[in-house]
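Chemist: So here's input.csv, just CSV, C-alpha atoms and all ligand atoms:
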chain,number,residue,atom,x,y,z
H,1,MET,CA,-21.9,-7.0,2.3
H,2,LYS,CA,-19.4,-7.4,-0.7
H,3,PRO,CA,-18.6,-5.2,-3.7
H,4,SER,CA,-20.5,-6.5,-6.7
H,5,ASN,CA,-18.9,-8.0,-9.9
H,6,LEU,CA,-15.6,-8.6,-8.3
H,7,ASN,CA,-13.8,-11.8,-9.2
H,8,ILE,CA,-10.5,-12.4,-7.4
H,9,SER,CA,-8.9,-15.7,-8.1
H,10,PRO,CA,-6.2,-17.1,-5.9
H,11,VAL,CA,-2.8,-17.1,-7.7
H,12,SER,CA,-2.1,-20.3,-9.5
H,13,LYS,CA,0.9,-22.3,-8.3
H,14,GLU,CA,1.2,-24.0,-11.7
H,15,MET,CA,4.5,-22.3,-12.7
H,16,ALA,CA,6.1,-22.6,-9.2
H,17,ASN,CA,8.5,-25.5,-10.0
H,18,ALA,CA,9.5,-24.0,-13.4
H,19,LEU,CA,10.2,-20.6,-11.8
H,20,ARG,CA,12.3,-22.2,-9.0
H,21,GLU,CA,14.3,-24.1,-11.6
H,22,LYS,CA,14.9,-21.0,-13.6
H,23,LEU,CA,16.1,-19.2,-10.5
H,24,ASP,CA,18.3,-22.1,-9.6
H,25,GLN,CA,20.0,-22.0,-13.0
H,26,LYS,CA,21.3,-18.5,-12.4
H,27,ALA,CA,25.1,-18.2,-11.8
H,28,LYS,CA,24.9,-18.2,-8.0
H,29,PRO,CA,24.6,-20.5,-5.1
H,30,ILE,CA,21.0,-21.8,-4.7
H,31,ARG,CA,18.7,-19.2,-3.1
H,32,SER,CA,21.6,-16.8,-2.4
H,33,LEU,CA,19.5,-13.8,-3.6
H,34,GLY,CA,17.1,-14.6,-0.7
H,35,LYS,CA,14.0,-12.4,-0.7
H,36,MET,CA,14.7,-11.1,-4.2
H,37,GLU,CA,14.1,-14.7,-5.4
H,38,ASP,CA,10.9,-15.0,-3.4
H,39,ILE,CA,9.6,-11.7,-4.9
H,40,ALA,CA,10.5,-12.7,-8.5
H,41,LEU,CA,8.8,-16.1,-8.0
H,42,ARG,CA,5.7,-14.5,-6.6
H,43,ILE,CA,5.4,-12.1,-9.5
H,44,GLY,CA,6.0,-14.9,-11.9
H,45,LEU,CA,3.0,-16.7,-10.3
H,46,ILE,CA,0.8,-13.6,-10.4
H,47,GLN,CA,1.4,-13.2,-14.1
H,48,ASN,CA,1.6,-17.0,-14.6
H,49,THR,CA,4.8,-16.7,-16.7
H,50,LEU,CA,8.5,-17.4,-16.6
H,51,THR,CA,9.2,-13.9,-18.0
H,52,PRO,CA,7.1,-11.4,-15.9
H,53,GLN,CA,7.1,-7.7,-16.8
H,54,LEU,CA,6.4,-4.6,-14.8
H,55,ASN,CA,4.6,-2.1,-16.9
H,56,LYS,CA,3.8,1.6,-16.1
H,57,PRO,CA,4.2,1.6,-12.3
H,58,THR,CA,1.5,3.9,-10.9
H,59,MET,CA,1.2,5.3,-7.4
H,60,PHE,CA,-2.2,6.2,-6.1
H,61,THR,CA,-1.8,8.7,-3.2
H,62,VAL,CA,-5.3,8.9,-1.9
H,63,ALA,CA,-6.3,11.9,0.4
H,64,SER,CA,-9.1,12.7,2.8
H,65,ASP,CA,-9.8,14.7,5.9
H,66,HIS,CA,-11.1,13.4,9.2
H,67,HIS,CA,-13.5,15.3,11.4
H,68,VAL,CA,-12.3,13.3,14.4
H,69,CYS,CA,-9.4,15.7,14.3
H,70,GLU,CA,-11.8,18.0,16.2
H,71,GLU,CA,-11.0,15.8,19.2
H,72,GLY,CA,-7.3,16.6,19.1
H,73,VAL,CA,-6.1,13.2,17.8
H,74,SER,CA,-3.4,14.7,15.6
H,75,PRO,CA,-0.8,17.3,16.5
H,76,CYS,CA,-1.0,18.7,13.0
H,77,PRO,CA,-3.5,21.2,11.5
H,78,THR,CA,-5.9,19.6,9.0
H,79,LYS,CA,-5.1,22.2,6.3
H,80,MET,CA,-1.9,20.3,5.8
H,81,THR,CA,-3.9,17.6,3.9
H,82,TRP,CA,-4.8,19.9,1.1
H,83,GLN,CA,-1.5,21.8,1.2
H,84,GLN,CA,0.4,18.6,0.8
H,85,CYS,CA,-1.9,17.5,-2.0
H,86,LEU,CA,-1.1,20.7,-3.9
H,87,ASN,CA,2.6,20.0,-3.3
H,88,PHE,CA,2.3,16.4,-4.6
H,89,LEU,CA,0.5,17.5,-7.7
H,90,GLU,CA,3.7,19.4,-8.6
H,91,LEU,CA,5.8,16.4,-7.7
H,92,GLY,CA,6.9,17.9,-4.4
H,93,GLY,CA,7.0,16.4,-1.0
H,94,GLY,CA,8.3,12.9,-0.2
H,95,ILE,CA,6.1,11.0,-2.6
H,96,GLY,CA,6.6,13.5,-5.5
H,97,LEU,CA,10.3,13.1,-5.2
H,98,PHE,CA,10.4,9.3,-4.9
H,99,CYS,CA,7.9,8.9,-7.8
H,100,LYS,CA,10.2,11.0,-10.0
H,101,MET,CA,13.3,9.1,-8.8
H,102,TYR,CA,11.9,5.6,-9.2
H,103,GLY,CA,9.7,6.0,-12.3
H,104,PHE,CA,6.2,6.0,-10.9
H,105,ASP,CA,3.3,7.8,-12.5
H,106,LEU,CA,1.8,9.7,-9.5
H,107,LYS,CA,-1.9,10.1,-9.2
H,108,VAL,CA,-3.2,12.2,-6.4
H,109,VAL,CA,-6.7,11.1,-5.5
H,110,ASP,CA,-9.1,13.3,-3.7
H,111,ALA,CA,-11.4,10.9,-1.8
H,112,GLY,CA,-12.6,13.5,0.7
H,113,VAL,CA,-10.4,16.5,1.2
H,114,ASP,CA,-12.0,19.5,2.8
H,115,PHE,CA,-10.9,21.8,-0.1
H,116,ASP,CA,-11.9,22.5,-3.7
H,117,PHE,CA,-9.1,21.6,-6.0
H,118,ALA,CA,-8.8,23.0,-9.5
H,119,PRO,CA,-8.5,20.3,-12.2
H,120,HIS,CA,-5.0,19.0,-12.7
H,121,PRO,CA,-3.6,16.3,-15.0
H,122,ARG,CA,-2.3,14.3,-12.0
H,123,LEU,CA,-5.5,14.8,-9.9
H,124,ILE,CA,-8.3,12.2,-9.8
H,125,ASN,CA,-11.5,13.6,-8.4
H,126,ALA,CA,-13.1,10.8,-6.3
H,127,LYS,CA,-14.5,13.0,-3.6
H,128,VAL,CA,-17.4,11.5,-1.7
H,129,ARG,CA,-17.8,14.2,0.9
H,130,LYS,CA,-15.5,16.7,2.6
H,131,GLY,CA,-14.0,14.6,5.3
H,132,SER,CA,-15.1,11.4,7.1
H,133,ARG,CA,-17.3,12.2,10.1
H,134,ASN,CA,-16.2,12.5,13.7
H,135,ILE,CA,-16.3,8.9,14.9
H,136,LEU,CA,-16.7,10.1,18.5
H,137,HIS,CA,-20.3,11.1,17.6
H,138,GLU,CA,-21.2,9.5,14.3
H,139,HIS,CA,-20.2,6.7,11.9
H,140,ALA,CA,-17.3,7.9,9.8
H,141,MET,CA,-19.3,7.2,6.7
H,142,THR,CA,-22.7,5.9,5.8
H,143,MET,CA,-22.7,2.5,4.2
H,144,LYS,CA,-23.6,4.3,0.9
H,145,GLU,CA,-20.7,6.6,1.2
H,146,CYS,CA,-18.4,3.8,2.1
H,147,MET,CA,-19.5,1.7,-0.9
H,148,GLU,CA,-19.1,4.7,-3.1
H,149,ALA,CA,-15.5,5.2,-2.0
H,150,ILE,CA,-14.8,1.5,-2.6
H,151,GLU,CA,-16.3,1.7,-6.1
H,152,ASN,CA,-14.2,4.9,-6.8
H,153,GLY,CA,-11.1,3.0,-5.9
H,154,ARG,CA,-12.0,0.1,-8.1
H,155,LYS,CA,-12.8,2.5,-11.0
H,156,MET,CA,-9.4,4.3,-10.8
H,157,VAL,CA,-7.5,1.0,-10.8
H,158,ARG,CA,-9.7,-0.5,-13.6
H,159,GLU,CA,-9.0,2.5,-15.8
H,160,SER,CA,-5.2,2.2,-15.2
H,161,ALA,CA,-5.4,-1.5,-16.1
H,162,LYS,CA,-7.0,-0.6,-19.4
H,163,GLU,CA,-3.9,1.7,-20.0
H,164,GLY,CA,-1.6,-1.3,-19.5
H,165,VAL,CA,-0.6,-0.6,-15.9
H,166,ASN,CA,0.2,-3.9,-14.1
H,167,VAL,CA,1.9,-2.7,-10.9
H,168,VAL,CA,0.3,-0.3,-8.4
H,169,GLY,CA,1.5,1.4,-5.2
H,170,PHE,CA,-0.9,2.9,-2.7
H,171,GLY,CA,-0.1,5.8,-0.5
H,172,GLU,CA,-2.2,8.3,1.5
H,173,MET,CA,-2.4,11.8,2.9
H,174,GLY,CA,-4.9,12.7,5.5
H,175,ILE,CA,-4.2,14.4,8.8
H,176,GLY,CA,-5.8,12.3,11.5
H,177,ASN,CA,-5.8,9.1,9.6
H,178,THR,CA,-3.7,7.0,12.0
H,179,THR,CA,-6.9,7.1,14.2
H,180,PRO,CA,-9.1,5.1,11.9
H,181,ALA,CA,-6.2,2.9,10.9
H,182,SER,CA,-5.6,2.0,14.6
H,183,ALA,CA,-9.3,1.4,15.1
H,184,LEU,CA,-9.4,-1.1,12.2
H,185,LEU,CA,-6.3,-2.8,13.4
H,186,SER,CA,-7.8,-3.3,16.8
H,187,ILE,CA,-11.1,-4.7,15.4
H,188,PHE,CA,-9.6,-7.1,12.8
H,189,THR,CA,-6.8,-8.4,14.9
H,190,LYS,CA,-8.7,-8.4,18.2
H,191,THR,CA,-5.9,-6.4,19.8
H,192,ASP,CA,-6.3,-4.1,22.7
H,193,ILE,CA,-6.5,-0.5,21.4
H,194,LYS,CA,-3.6,0.6,23.6
H,195,ASP,CA,-1.3,-1.7,21.5
H,196,CYS,CA,-2.7,-0.3,18.3
H,197,VAL,CA,-2.1,3.4,18.7
H,198,GLY,CA,1.1,5.3,18.2
H,199,PRO,CA,2.4,8.9,17.8
H,200,GLY,CA,1.3,9.2,14.2
H,201,SER,CA,2.7,12.4,12.9
H,202,GLY,CA,4.1,13.3,16.3
H,203,LEU,CA,1.8,13.0,19.4
H,204,ASP,CA,3.5,12.8,22.8
H,205,SER,CA,2.5,9.9,25.2
H,206,ASN,CA,-0.4,11.9,26.6
H,207,GLY,CA,-1.7,12.5,23.1
H,208,VAL,CA,-1.4,8.8,22.2
H,209,SER,CA,-3.4,7.8,25.3
H,210,HIS,CA,-6.0,10.4,24.4
H,211,LYS,CA,-6.3,9.0,20.9
H,212,ALA,CA,-6.8,5.5,22.4
H,213,ASN,CA,-9.6,6.9,24.6
H,214,VAL,CA,-11.4,8.6,21.7
H,215,ILE,CA,-11.3,5.3,19.8
H,216,THR,CA,-12.5,3.3,22.8
H,217,GLN,CA,-15.5,5.7,23.2
H,218,ALA,CA,-16.3,5.3,19.5
H,219,PHE,CA,-16.3,1.5,19.9
H,220,GLU,CA,-18.6,1.8,22.9
H,221,LYS,CA,-20.9,4.2,21.0
H,222,HIS,CA,-21.2,2.3,17.6
H,223,GLY,CA,-20.4,-1.3,18.6
H,224,ILE,CA,-18.4,-3.6,16.4
H,225,SER,CA,-20.0,-5.4,13.5
H,226,GLU,CA,-19.5,-8.9,12.0
H,227,ASP,CA,-19.3,-7.3,8.6
H,228,PRO,CA,-15.9,-5.8,7.6
H,229,ILE,CA,-17.4,-3.1,5.4
H,230,GLU,CA,-19.7,-2.1,8.2
H,231,ASN,CA,-16.7,-1.7,10.4
H,232,LEU,CA,-14.9,0.3,7.7
H,233,ALA,CA,-17.9,2.6,7.5
H,234,ARG,CA,-18.2,3.0,11.2
H,235,PHE,CA,-14.6,3.6,12.1
H,236,GLY,CA,-12.6,4.0,8.8
H,237,GLY,CA,-11.9,6.9,6.5
H,238,LEU,CA,-12.7,7.8,2.9
H,239,GLU,CA,-9.1,7.4,1.7
H,240,ILE,CA,-8.9,4.0,3.5
H,241,ALA,CA,-12.2,2.8,1.8
H,242,THR,CA,-11.0,4.1,-1.6
H,243,ILE,CA,-7.6,2.3,-1.2
H,244,CYS,CA,-9.4,-0.8,-0.1
H,245,GLY,CA,-11.5,-0.8,-3.3
H,246,GLY,CA,-8.4,-0.1,-5.3
H,247,MET,CA,-6.5,-3.0,-3.9
H,248,LEU,CA,-9.5,-5.4,-4.4
H,249,GLU,CA,-9.7,-4.3,-8.1
H,250,ALA,CA,-6.0,-4.6,-8.5
H,251,ALA,CA,-6.1,-8.2,-7.4
H,252,ALA,CA,-9.1,-8.9,-9.7
H,253,GLN,CA,-6.9,-7.4,-12.5
H,254,LYS,CA,-4.0,-9.6,-11.5
H,255,MET,CA,-1.8,-6.6,-10.8
H,256,VAL,CA,1.2,-6.4,-8.4
H,257,ILE,CA,0.0,-4.4,-5.3
H,258,ILE,CA,2.6,-2.6,-3.2
H,259,THR,CA,1.4,-1.4,0.2
H,260,ASP,CA,3.0,1.5,2.1
H,261,GLY,CA,2.8,2.1,5.8
H,262,PHE,CA,0.3,1.9,8.7
H,263,ILE,CA,-2.7,3.5,6.9
H,264,THR,CA,-2.5,1.7,3.5
H,265,THR,CA,-1.9,-1.6,5.3
H,266,SER,CA,-5.1,-1.0,7.3
H,267,ALA,CA,-6.9,-0.8,4.0
H,268,LEU,CA,-5.4,-4.1,2.9
H,269,LEU,CA,-6.4,-5.6,6.3
H,270,VAL,CA,-10.1,-4.7,5.5
H,271,ALA,CA,-9.7,-5.9,1.8
H,272,SER,CA,-8.3,-9.2,3.1
H,273,GLU,CA,-11.3,-9.6,5.4
H,274,ILE,CA,-13.6,-9.2,2.3
H,275,TYR,CA,-11.5,-11.4,0.0
H,276,LYS,CA,-8.4,-13.1,1.5
H,277,GLU,CA,-7.1,-13.9,-2.0
H,278,VAL,CA,-6.1,-10.2,-2.3
H,279,LEU,CA,-3.0,-11.1,-0.2
H,280,ASP,CA,-1.7,-13.3,-3.1
H,281,TYR,CA,-1.1,-10.1,-5.0
H,282,ALA,CA,0.2,-7.9,-2.2
H,283,PHE,CA,3.8,-6.9,-1.3
H,284,PHE,CA,4.5,-5.3,2.0
H,285,SER,CA,7.0,-2.6,1.0
H,286,HIS,CA,8.3,-1.8,4.5
H,287,GLN,CA,7.9,-2.0,8.2
H,288,SER,CA,6.8,1.4,9.5
H,289,ASP,CA,7.9,2.7,12.9
H,290,GLU,CA,4.3,3.3,13.8
H,291,GLN,CA,3.4,1.0,16.7
H,292,GLY,CA,1.0,-1.6,15.4
H,293,HIS,CA,2.2,-1.8,11.8
H,294,CYS,CA,4.0,-5.1,12.6
H,295,LEU,CA,0.8,-6.5,14.2
H,296,MET,CA,-1.0,-5.8,10.9
H,297,ILE,CA,1.7,-7.4,8.8
H,298,ASP,CA,2.0,-10.4,11.1
H,299,HIS,CA,-1.8,-10.9,11.1
H,300,MET,CA,-1.7,-11.2,7.3
H,301,GLN,CA,1.4,-13.4,7.5
H,302,GLY,CA,3.4,-10.9,5.3
H,303,GLU,CA,7.0,-10.0,5.3
H,304,PRO,CA,8.1,-6.4,4.9
H,305,ILE,CA,10.7,-5.8,2.2
H,306,LEU,CA,12.4,-2.8,3.8
H,307,ASN,CA,12.9,-1.8,7.4
H,308,MET,CA,14.0,1.8,7.3
H,309,SER,CA,12.2,3.3,10.3
H,310,PHE,CA,9.9,5.4,8.0
H,311,ARG,CA,6.7,6.8,9.5
H,312,LEU,CA,5.7,9.2,6.8
H,313,GLY,CA,3.1,7.5,4.6
H,314,GLU,CA,2.2,9.2,1.3
H,315,GLY,CA,3.4,6.0,-0.5
H,316,THR,CA,7.1,6.8,0.2
H,317,GLY,CA,7.8,3.3,1.5
H,318,ALA,CA,6.1,1.7,-1.5
H,319,ALA,CA,8.1,3.9,-3.9
H,320,CYS,CA,11.4,3.3,-2.2
H,321,CYS,CA,11.1,-0.5,-2.2
H,322,TYR,CA,10.3,-0.5,-6.0
H,323,PRO,CA,14.0,-0.8,-7.1
H,324,ILE,CA,14.1,-4.0,-5.1
H,325,ILE,CA,11.0,-5.4,-6.8
H,326,LYS,CA,12.2,-4.3,-10.2
H,327,GLY,CA,15.6,-5.7,-9.5
H,328,SER,CA,14.0,-9.0,-8.6
H,329,VAL,CA,12.1,-9.3,-11.9
H,330,THR,CA,15.1,-8.1,-13.9
H,331,MET,CA,17.2,-10.8,-12.2
H,332,LEU,CA,14.7,-13.5,-13.1
H,333,ASN,CA,14.7,-12.3,-16.7
H,334,GLU,CA,18.3,-11.2,-17.4
H,335,MET,CA,20.8,-12.6,-14.9
H,336,THR,CA,23.2,-15.0,-16.6
H,337,THR,CA,22.8,-18.7,-16.0
H,338,PHE,CA,25.7,-21.0,-15.3
H,339,GLU,CA,25.3,-22.1,-19.0
H,340,GLU,CA,25.5,-18.6,-20.3
H,341,ALA,CA,28.4,-17.8,-17.9
H,342,GLN,CA,30.2,-20.8,-19.5
H,343,VAL,CA,30.2,-18.9,-22.8
H,344,PHE,CA,32.0,-16.0,-21.2
H,345,ASN,CA,34.4,-18.4,-19.5
H,346,THR,CA,35.3,-20.0,-22.8
H,347,ALA,CA,35.7,-16.6,-24.6
H,348,THR,CA,37.9,-15.2,-21.8
H,349,ALA,CA,39.9,-18.4,-21.6
H,350,LYS,CA,40.5,-18.1,-25.4
H,351,VAL,CA,41.7,-14.5,-25.1
H,352,ALA,CA,43.9,-15.5,-22.2
H,353,ALA,CA,45.4,-18.3,-24.2
H,354,PHE,CA,45.9,-16.0,-27.2
H,355,GLU,CA,47.6,-13.3,-25.1
H,356,SER,CA,49.9,-15.8,-23.4
H,357,HIS,CA,51.4,-16.6,-26.8
H,401,LIG,C1,3.7,17.7,6.9
H,401,LIG,C2,3.1,16.3,6.9
H,401,LIG,C3,3.3,15.5,5.8
H,401,LIG,C4,2.8,14.2,5.9
H,401,LIG,N1,2.8,13.2,4.9
H,401,LIG,C5,2.2,12.2,5.4
H,401,LIG,N2,1.8,12.4,6.7
H,401,LIG,C6,1.2,11.4,7.5
H,401,LIG,O1,0.7,11.9,8.7
H,401,LIG,C7,-0.8,11.9,8.8
H,401,LIG,C8,-1.2,10.9,9.8
H,401,LIG,O2,-0.8,11.2,11.1
H,401,LIG,P1,-1.8,11.8,12.2
H,401,LIG,O3,-2.9,10.7,12.4
H,401,LIG,O4,-1.0,11.9,13.4
H,401,LIG,O5,-2.3,13.1,11.7
H,401,LIG,C9,-1.2,11.5,7.4
H,401,LIG,O6,-1.4,12.6,6.6
H,401,LIG,C10,-0.1,10.7,6.9
H,401,LIG,O7,-0.1,10.5,5.5
H,401,LIG,C11,2.1,13.7,7.0
H,401,LIG,C12,1.9,14.5,8.1
H,401,LIG,C13,2.4,15.8,8.1
H,401,LIG,C14,2.3,16.7,9.3
H,402,LIG,O1,3.3,4.2,8.7
H,402,LIG,C1,2.9,5.2,8.1
H,402,LIG,O2,2.8,5.2,6.9
H,402,LIG,C2,2.6,6.5,8.9
H,402,LIG,C3,2.9,6.6,10.2
H,402,LIG,C4,2.6,7.7,10.9
H,402,LIG,C5,2.0,8.8,10.2
H,402,LIG,N1,1.7,8.6,9.0
H,402,LIG,C6,2.0,7.5,8.3
Starting from the coordinates I provided, produce the structure as structure tokens.
Modeler:
Amino acid sequence: MKPSNLNISPVSKEMANALREKLDQKAKPIRSLGKMEDIALRIGLIQNTLTPQLNKPTMFTVASDHHVCEEGVSPCPTKMTWQQCLNFLELGGGIGLFCKMYGFDLKVVDAGVDFDFAPHPRLINAKVRKGSRNILHEHAMTMKECMEAIENGRKMVRESAKEGVNVVGFGEMGIGNTTPASALLSIFTKTDIKDCVGPGSGLDSNGVSHKANVITQAFEKHGISEDPIENLARFGGLEIATICGGMLEAAAQKMVIITDGFITTSALLVASEIYKEVLDYAFFSHQSDEQGHCLMIDHMQGEPILNMSFRLGEGTGAACCYPIIKGSVTMLNEMTTFEEAQVFNTATAKVAAFESH
């Protein structure tokens, strides 16, 4: 199954030589700005221009609860999901702070939180149901619910594109959500579940083994499908499905996509199973400390921009890497070339000659 009316083109390489030449004319040794040059070049390709622009950076922090928490897969109480959402709405918490610092418009998206929020200018109501179901007993979502969440994600991104947004970060909040993310990692990379689970928000080693056991039992009960969206419905979560839809739409709109940590990257993993071209538009903001994140990134042949030992989520890694992304584009557009530097040299030389008289 695939979402309908979704057209994702691979990024054209037409401008690659011209972009490389532009970068090589900057007043620096060839390729000496390393990964910044790669980032600038990729964004030039995405926008098919020598002068890319980043407009209205927007962070979608998508939240949901997970009834699999009834099995003790997280050390934290589920009420922290809604409590943190209220915090983010007032620009509190990690993601509120970093969005303020780095110029992101923060949208808090309720994809399935077990709480009734009052309307708020930063809140997007995309609630499908209160929490994805307990995967130990049932599929996390019905296919209908999963498709609804994907479409909700697509809609929120489509609307932001209409407002001129061309760079989107994705974050999440959902106590228990490292469990579905680990399950999806195991399925799509065909990796033993033991290598896909980690402490999440702070489990000890017994807790981590228990989480792996719960997922193994869920695999045995529901089986693994050939269809990526079926697997998302069986083992995923409402925020993961919403983010997956948001990423697919962002690629269709030729936006720059910035992933965050373990959970948002699992959404990209699903999205790339549906349309691999989505990866042309995606930047891996950072390498999380959660075991398994590097397996996901390697599987998609990505390269994390930062490696800061974060394991928070919310979109914090995506926000914190933005100054690097913005710096890369600004470098491409504004850094002086050797030719321009020559003008400074000549002017300075003239002043020096004048002063020496
Ligand atoms: C106070 C607090 C703030 C958070 N912000 C993000 N997470 C992160 O931890 C959760 C996933 O870990 P697990 O699967 O172990 O529950 C998600 O909410 C994720 O966003 C948080 C967790 C806590 C406790
Ligand atoms: O990598 C992440 O983003 C992460 C890791 C652990 C818990 N929550 C998020």
Chemist: Which residue is closest to ligand LIG 402 (chain H)? Choose from H:Ser209, H:Gln84, H:Ser12, H:Gln287 and count only C-alpha atoms and all ligand atoms.
Modeler: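 For ligand LIG 402 (chain H), the nearest of the candidates is H:Gln287.
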Chemist: Go through chain H and flag each residue having an atom no more than 7 Å from ligand LIG 401 (chain H); for those, report the closest pair of atoms plus their distance in Å to one decimal, using all atoms listed in the file, ordered by chain and rising number, as a tab-separated table.
Modeler:
residue	atom	partner	partner_atom	distance
H:Val73	CA	H:LIG401	O3	6.8
H:Ser74	CA	H:LIG401	O4	4.3
H:Pro75	CA	H:LIG401	O4	6.2
H:Cys76	CA	H:LIG401	C14	5.3
H:Met80	CA	H:LIG401	C1	6.3
H:Thr81	CA	H:LIG401	O6	6.2
H:Gln84	CA	H:LIG401	C3	6.6
H:Glu172	CA	H:LIG401	O7	5.0
H:Met173	CA	H:LIG401	O7	3.7
H:Gly174	CA	H:LIG401	O6	3.7
H:Ile175	CA	H:LIG401	O5	3.7
H:Gly176	CA	H:LIG401	O3	3.4
H:Asn177	CA	H:LIG401	O3	4.3
H:Thr178	CA	H:LIG401	O3	3.8
H:Thr179	CA	H:LIG401	O3	5.7
H:Pro199	CA	H:LIG401	O4	6.3
H:Gly200	CA	H:LIG401	O4	3.6
H:Ser201	CA	H:LIG401	O4	3.8
H:Gly202	CA	H:LIG401	O4	6.0
H:Leu203	CA	H:LIG401	O4	6.7
H:Leu312	CA	H:LIG401	C5	4.8
H:Gly313	CA	H:LIG401	O7	4.5
H:Glu314	CA	H:LIG401	O7	5.0
Chemist: From the options H:Thr242, H:Ser288, H:Gln217, H:Asn231, which residue's atoms come nearest to ligand LIG 402 (chain H), counting all atoms listed in the file?
Modeler: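 Using all atoms listed in the file, the shortest distance to ligand LIG 402 (chain H) belongs to H:Ser288.
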Chemist: Could you work out how far atom CA of H:Glu277 lies from atom CA of H:Pro57, giving the answer in Å with one decimal?
Modeler: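 Computed distance, atom CA of H:Pro57 to atom CA of H:Glu277, equals 21.8 Å.
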Chemist: Need to verify the contact set: H:Thr142, 8 Å, all atoms listed in the file, exclusion of same-chain residues closer than 3 positions in sequence. Can you return it as an MDAnalysis selection string?
Modeler: chainID H and resid 139 145:146 233:234
Chemist: Any idea what's packed within 9 Å of stretch 220-222 of chain H, counting all atoms listed in the file, ignoring anything in its chain fewer than 6 positions away? Could you give it as an NGL selection string?
Modeler: :H and (135-139 or 234-235)
Chemist: Can you measure atom CA of H:Gly44 to atom CA of H:Met331 for me? One decimal in Å is fine.
Modeler: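 Computing the Euclidean distance for atom CA of H:Gly44 and atom CA of H:Met331 yields 11.9 Å.
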Chemist: Between atom C5 of ligand LIG 402 (chain H) and atom CA of H:Ile240, what is the spacing in Å?
Modeler: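 The value is 13.7 Å.
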Chemist: Between H:Gly96, H:Pro77, H:Pro180, H:Gly246, single out the one closest to H:Gly153, counting all atoms listed in the file.
Modeler: H:Gly246
Chemist: Could you check which of H:Asp105, H:Asp280, H:Glu340, H:Asp260 is closest to ligand LIG 402 (chain H), using all atoms listed in the file?
Modeler: H:Asp260
Chemist: Kindly provide, as lines of an AutoDock Vina configuration file, the centre and edge lengths (Å, one decimal) of an axis-aligned box around all atoms of ligand LIG 402 (chain H) given in the file, with 4 Å on each side.
Modeler:
center_x = 2.5
center_y = 6.5
center_z = 8.9
size_x = 9.6
size_y = 12.6
size_z = 12.0
Chemist: Which residue is closest to H:His66? Choose from H:His120, H:Lys100, H:Arg133, H:Lys26 and count all atoms listed in the file.
Modeler: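 Of all the options, H:Arg133 lies closest to H:His66.
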Chemist: Choose the residue, out of H:Lys2, H:Lys144, H:Lys350, H:Lys56, that has the smallest atom-to-atom separation from H:Gly103; count only C-alpha atoms.
Modeler: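 Of H:Lys2, H:Lys144, H:Lys350, H:Lys56, the one nearest H:Gly103, counting only C-alpha atoms, is H:Lys56.
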Chemist: Which protein, DNA or RNA residues have an atom at most 10 Å from (-17.6, 4.5, -1.7), counting all atoms listed in the file? List them as a list in words.
Modeler: Pro3, Ala111, Ala126, Lys127, Val128, Met141, Thr142, Met143, Lys144, Glu145, Cys146, Met147, Glu148, Ala149, Ile150, Glu151, Asn152, Gly153, Arg154, Ala233, Leu238, Glu239, Ala241, Thr242, Cys244 and Gly245 of chain H
Chemist: In file coordinates, which residues lie within 6 Å of (2.1, -4.3, 0.6) using all atoms listed in the file, given as an MDAnalysis selection string?
Modeler: chainID H and resid 258:259 282:285
Chemist: Which residues are close to H:Thr265, i.e. within 9 Å by all atoms listed in the file, leaving aside same-chain residues fewer than 4 positions away? Reply as a ChimeraX atom specification.
Modeler: /H:181,259-261,269-270,284,293,296-297
Chemist: Do you know which residues are at most 9 Å from stretch 169-171 of chain H counting all atoms listed in the file, after dropping those on the same chain fewer than 3 positions away, and could you put them as a VMD selection string?
Modeler: chain H and resid 57 to 63 95 104 243 246 to 247 256 to 261 263 to 264 313 to 319
Chemist: H:Gln83: which residues within 12 Å, counting all atoms listed in the file, same-chain residues fewer than 2 positions away excluded, as a list in words?
Modeler: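 Surrounding residues, per the criterion: Ala63, Ser64, Asp65, Pro77, Thr78, Lys79, Met80, Thr81, Cys85, Leu86, Asn87, Phe88, Leu89, Glu90, Gly92, Gly93, Val113, Asp114, Phe115, Asp116, Phe117, Met173, Gly174 and Ile175 of chain H.
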